[in-house]
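coords16.cif (mmCIF, C-alpha atoms)
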data_input
#
loop_
_atom_site.group_PDB
_atom_site.id
_atom_site.type_symbol
_atom_site.label_atom_id
_atom_site.label_comp_id
_atom_site.auth_asym_id
_atom_site.auth_seq_id
_atom_site.Cartn_x
_atom_site.Cartn_y
_atom_site.Cartn_z
ATOM 1 C CA TYR A 1 4.489 0.044 1.337
ATOM 2 C CA ASP A 2 1.585 -2.043 0.091
ATOM 3 C CA LEU A 3 -0.630 -3.213 2.943
ATOM 4 C CA GLY A 4 -2.140 -6.617 2.299
ATOM 5 C CA SER A 5 0.170 -6.972 -0.694
ATOM 6 C CA GLY A 6 -1.253 -10.283 -1.909
ATOM 7 C CA ASP A 7 0.815 -11.544 -4.840
ATOM 8 C CA GLY A 8 2.987 -8.416 -4.739
ATOM 9 C CA ARG A 9 1.975 -6.978 -8.090
ATOM 10 C CA ILE A 10 1.724 -3.339 -6.957
ATOM 11 C CA VAL A 11 5.190 -3.289 -5.363
ATOM 12 C CA ILE A 12 6.745 -5.253 -8.238
ATOM 13 C CA LEU A 13 5.221 -3.071 -10.961
ATOM 14 C CA ALA A 14 6.300 0.112 -9.162
ATOM 15 C CA ALA A 15 9.860 -1.215 -9.063
ATOM 16 C CA GLN A 16 9.827 -2.332 -12.707
ATOM 17 C CA LYS A 17 8.116 0.703 -14.181
ATOM 18 C CA TYR A 18 9.395 3.526 -11.959
ATOM 19 C CA GLY A 19 12.505 2.137 -10.271
ATOM 20 C CA ALA A 20 10.797 2.464 -6.894
ATOM 21 C CA ARG A 21 11.817 0.606 -3.775
ATOM 22 C CA GLY A 22 8.943 -1.146 -2.084
ATOM 23 C CA VAL A 23 7.770 -3.249 0.817
ATOM 24 C CA GLY A 24 4.776 -5.547 0.745
ATOM 25 C CA ILE A 25 3.161 -6.600 4.006
ATOM 26 C CA GLU A 26 1.105 -9.785 3.784
ATOM 27 C CA LEU A 27 -0.207 -12.417 6.239
ATOM 28 C CA ASP A 28 -0.396 -15.364 3.838
ATOM 29 C CA PRO A 29 2.964 -17.193 3.522
ATOM 30 C CA LYS A 30 1.950 -18.746 0.173
ATOM 31 C CA LEU A 31 1.308 -15.313 -1.334
ATOM 32 C CA LEU A 32 4.637 -14.100 0.058
ATOM 33 C CA GLU A 33 6.408 -17.002 -1.643
ATOM 34 C CA ILE A 34 4.729 -16.088 -4.951
ATOM 35 C CA SER A 35 5.630 -12.407 -4.500
ATOM 36 C CA ARG A 36 9.282 -13.169 -3.856
ATOM 37 C CA GLN A 37 9.474 -15.537 -6.832
ATOM 38 C CA VAL A 38 7.832 -13.037 -9.203
ATOM 39 C CA ALA A 39 10.174 -10.297 -7.932
ATOM 40 C CA ARG A 40 13.195 -12.533 -8.696
ATOM 41 C CA GLU A 41 11.848 -13.429 -12.137
ATOM 42 C CA GLY A 42 11.075 -9.760 -12.811
ATOM 43 C CA ASP A 43 14.638 -8.806 -11.835
ATOM 44 C CA VAL A 44 13.519 -6.453 -9.043
ATOM 45 C CA ALA A 45 14.197 -8.574 -5.951
ATOM 46 C CA HIS A 46 16.976 -6.129 -5.043
ATOM 47 C CA ARG A 47 14.445 -3.252 -4.990
ATOM 48 C CA VAL A 48 11.545 -4.886 -3.134
ATOM 49 C CA SER A 49 10.938 -6.920 -0.015
ATOM 50 C CA PHE A 50 7.949 -8.809 1.260
ATOM 51 C CA VAL A 51 7.293 -9.143 4.966
ATOM 52 C CA GLU A 52 5.063 -11.702 6.617
ATOM 53 C CA GLY A 53 3.118 -9.598 9.038
ATOM 54 C CA ASP A 54 -0.066 -7.948 10.149
ATOM 55 C CA MET A 55 -0.646 -4.491 8.664
ATOM 56 C CA PHE A 56 -2.200 -3.388 11.962
ATOM 57 C CA THR A 57 0.946 -4.143 13.974
ATOM 58 C CA SER A 58 3.685 -3.512 11.382
ATOM 59 C CA ASP A 59 5.716 -0.310 11.703
ATOM 60 C CA LEU A 60 4.832 2.043 8.839
ATOM 61 C CA SER A 61 6.917 5.010 9.974
ATOM 62 C CA ALA A 62 9.504 4.574 7.180
ATOM 63 C CA ALA A 63 6.863 4.660 4.429
ATOM 64 C CA THR A 64 6.744 7.587 2.033
ATOM 65 C CA ILE A 65 3.873 6.067 0.044
ATOM 66 C CA VAL A 66 1.277 3.560 1.259
ATOM 67 C CA THR A 67 -1.013 1.748 -1.153
ATOM 68 C CA LEU A 68 -4.302 0.145 -0.140
ATOM 69 C CA TYR A 69 -6.592 -2.179 -2.057
ATOM 70 C CA LEU A 70 -8.676 -3.167 0.947
ATOM 71 C CA SER A 71 -12.300 -3.062 2.050
ATOM 72 C CA PRO A 72 -13.996 0.060 3.431
ATOM 73 C CA SER A 73 -14.088 -1.435 6.942
ATOM 74 C CA VAL A 74 -10.372 -2.312 6.922
ATOM 75 C CA ASN A 75 -9.465 1.134 5.578
ATOM 76 C CA ARG A 76 -11.542 2.698 8.364
ATOM 77 C CA ARG A 77 -9.711 0.593 10.981
ATOM 78 C CA LEU A 78 -6.350 1.651 9.514
ATOM 79 C CA GLU A 79 -7.051 5.387 9.658
ATOM 80 C CA PRO A 80 -5.782 6.026 13.212
ATOM 81 C CA LYS A 81 -2.612 4.016 12.550
ATOM 82 C CA LEU A 82 -1.888 5.869 9.314
ATOM 83 C CA ARG A 83 -2.448 9.250 10.966
ATOM 84 C CA ARG A 84 -0.255 8.275 13.918
ATOM 85 C CA GLU A 85 2.672 6.624 12.120
ATOM 86 C CA LEU A 86 3.109 8.336 8.760
ATOM 87 C CA ARG A 87 5.340 11.384 8.528
ATOM 88 C CA PRO A 88 4.206 14.708 7.080
ATOM 89 C CA GLY A 89 4.334 14.555 3.291
ATOM 90 C CA ALA A 90 3.802 10.787 3.125
ATOM 91 C CA ARG A 91 1.146 9.839 0.599
ATOM 92 C CA ILE A 92 -1.607 7.248 0.737
ATOM 93 C CA VAL A 93 -3.312 5.878 -2.365
ATOM 94 C CA SER A 94 -6.393 3.709 -2.048
ATOM 95 C CA HIS A 95 -8.008 1.785 -4.884
ATOM 96 C CA GLN A 96 -11.790 2.016 -4.972
ATOM 97 C CA PHE A 97 -12.492 2.798 -1.312
ATOM 98 C CA GLY A 98 -12.007 5.836 0.883
ATOM 99 C CA ILE A 99 -10.755 5.865 4.450
ATOM 100 C CA GLY A 100 -13.735 6.420 6.720
ATOM 101 C CA SER A 101 -14.755 10.079 6.720
ATOM 102 C CA TRP A 102 -11.213 11.269 5.909
ATOM 103 C CA ALA A 103 -11.630 13.427 2.792
ATOM 104 C CA PRO A 104 -9.021 12.648 0.126
ATOM 105 C CA ASP A 105 -6.879 15.409 -1.357
ATOM 106 C CA GLU A 106 -7.595 14.061 -4.823
ATOM 107 C CA THR A 107 -9.837 11.508 -6.517
ATOM 108 C CA ILE A 108 -8.863 10.165 -9.930
ATOM 109 C CA ARG A 109 -10.951 7.941 -12.175
ATOM 110 C CA ALA A 110 -8.762 5.067 -13.455
ATOM 111 C CA GLU A 111 -8.986 3.717 -16.992
ATOM 112 C CA ASP A 112 -11.002 0.748 -15.731
ATOM 113 C CA GLY A 113 -13.602 3.110 -14.207
ATOM 114 C CA THR A 114 -12.654 2.640 -10.562
ATOM 115 C CA ASP A 115 -11.699 5.533 -8.347
ATOM 116 C CA LEU A 116 -8.261 6.113 -6.867
ATOM 117 C CA PHE A 117 -8.088 8.265 -3.748
ATOM 118 C CA ARG A 118 -4.953 10.148 -2.651
ATOM 119 C CA TRP A 119 -4.108 11.731 0.701
ATOM 120 C CA THR A 120 -0.941 13.579 1.716
ATOM 121 C CA MET A 121 -0.133 13.583 5.405
ATOM 122 C CA PRO A 122 -0.278 17.152 6.734
ATOM 123 C CA SER A 123 2.303 18.787 8.960
ATOM 124 C CA ARG A 124 1.822 17.996 12.619
#
This structure in structure tokens:
Amino acid sequence: YDLGSGDGRIVILAAQKYGARGVGIELDPKLLEISRQVAREGDVAHRVSFVEGDMFTSDLSAATIVTLYLSPSVNRRLEPKLRRELRPGARIVSHQFGIGSWAPDETIRAEDGTDLFRWTMPSR
């Protein structure tokens, strides 16, 4: 699941490069149209879907991986939802920004110099 998926590039690349299944959640209908078109052109429309919706009200319980490329304040607002809805073992990866005071399990420096943060949901 990519929250605020924009033009869908994260979900589409994961499907193309790794054979992943993915869901993008995006508010902007124009970006959804672009995402769906690029997925068709990239021959991965059968592996991905894009949902017009609000990341704060969408059900994330089926997600095994959640990707975030959002602002620090949005990440902070998402923390309770992620903790509440994601199953143990689900992973979260955030580009550039942490999630409030929630310490990541791992921080990786990407080739472009930005940080990637990873969390794994603990057992309940």
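Taking atom CA of Leu31 of chain A and atom CA of Thr67 of chain A as endpoints, the distance between them is 17.2 Å.
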Near-segment 48-55 of chain A list (10 Å; only C-alpha atoms; drop same-chain fewer than 4 positions) as a PyMOL selection string: chain A and resi 1-8+11-12+14-15+20-29+31-33+35-36+39-40+44+59-60+78+81
Gap from atom CA of Val38 of chain A to atom CA of Gln16 of chain A - Å, one decimal: 11.4 Å
Shortest interatomic distance to Arg91 of chain A - which of A:Arg124, A:Lys30, A:His46, A:Arg118, counting only C-alpha atoms: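 Of the candidates, the smallest distance to Arg91 of chain A is held by A:Arg118.
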Point (-3.8, 10.4, 12.9), cut-off 12 Å, counting all atoms listed in the file, residues as a PyMOL selection string: chain A and resi 76-88+99+102+120-124
Contacts of Gly98 of chain A at 10 Å (all atoms listed in the file; same-chain gap of 6+ positions) as a CSV table (one decimal) with C-alpha atoms, in the coordinates of the input:
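out.csv written:
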chain,number,residue,atom,x,y,z
A,68,LEU,CA,-4.3,0.1,-0.1
A,70,LEU,CA,-8.7,-3.2,0.9
A,71,SER,CA,-12.3,-3.1,2.0
A,72,PRO,CA,-14.0,0.1,3.4
A,73,SER,CA,-14.1,-1.4,6.9
A,75,ASN,CA,-9.5,1.1,5.6
A,76,ARG,CA,-11.5,2.7,8.4
A,104,PRO,CA,-9.0,12.6,0.1
A,107,THR,CA,-9.8,11.5,-6.5
A,115,ASP,CA,-11.7,5.5,-8.3
A,116,LEU,CA,-8.3,6.1,-6.9
A,117,PHE,CA,-8.1,8.3,-3.7
A,118,ARG,CA,-5.0,10.1,-2.7
A,119,TRP,CA,-4.1,11.7,0.7
d(atom CA of Lys17 of chain A, atom CA of Asp43 of chain A) in Å: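 That distance, rounded to one decimal, is 11.8 Å.
For the choices A:Gly100, A:Ala63, A:Tyr69, A:His95, the atom-to-atom distance to Gly113 of chain A is smallest for A:His95 when using all atoms listed in the file.
Comparing A:Val74, A:Ile108, A:Ala62, A:Ala103 by their smallest distance to Gly89 of chain A, the closest is A:Ala62 (using all atoms listed in the file).
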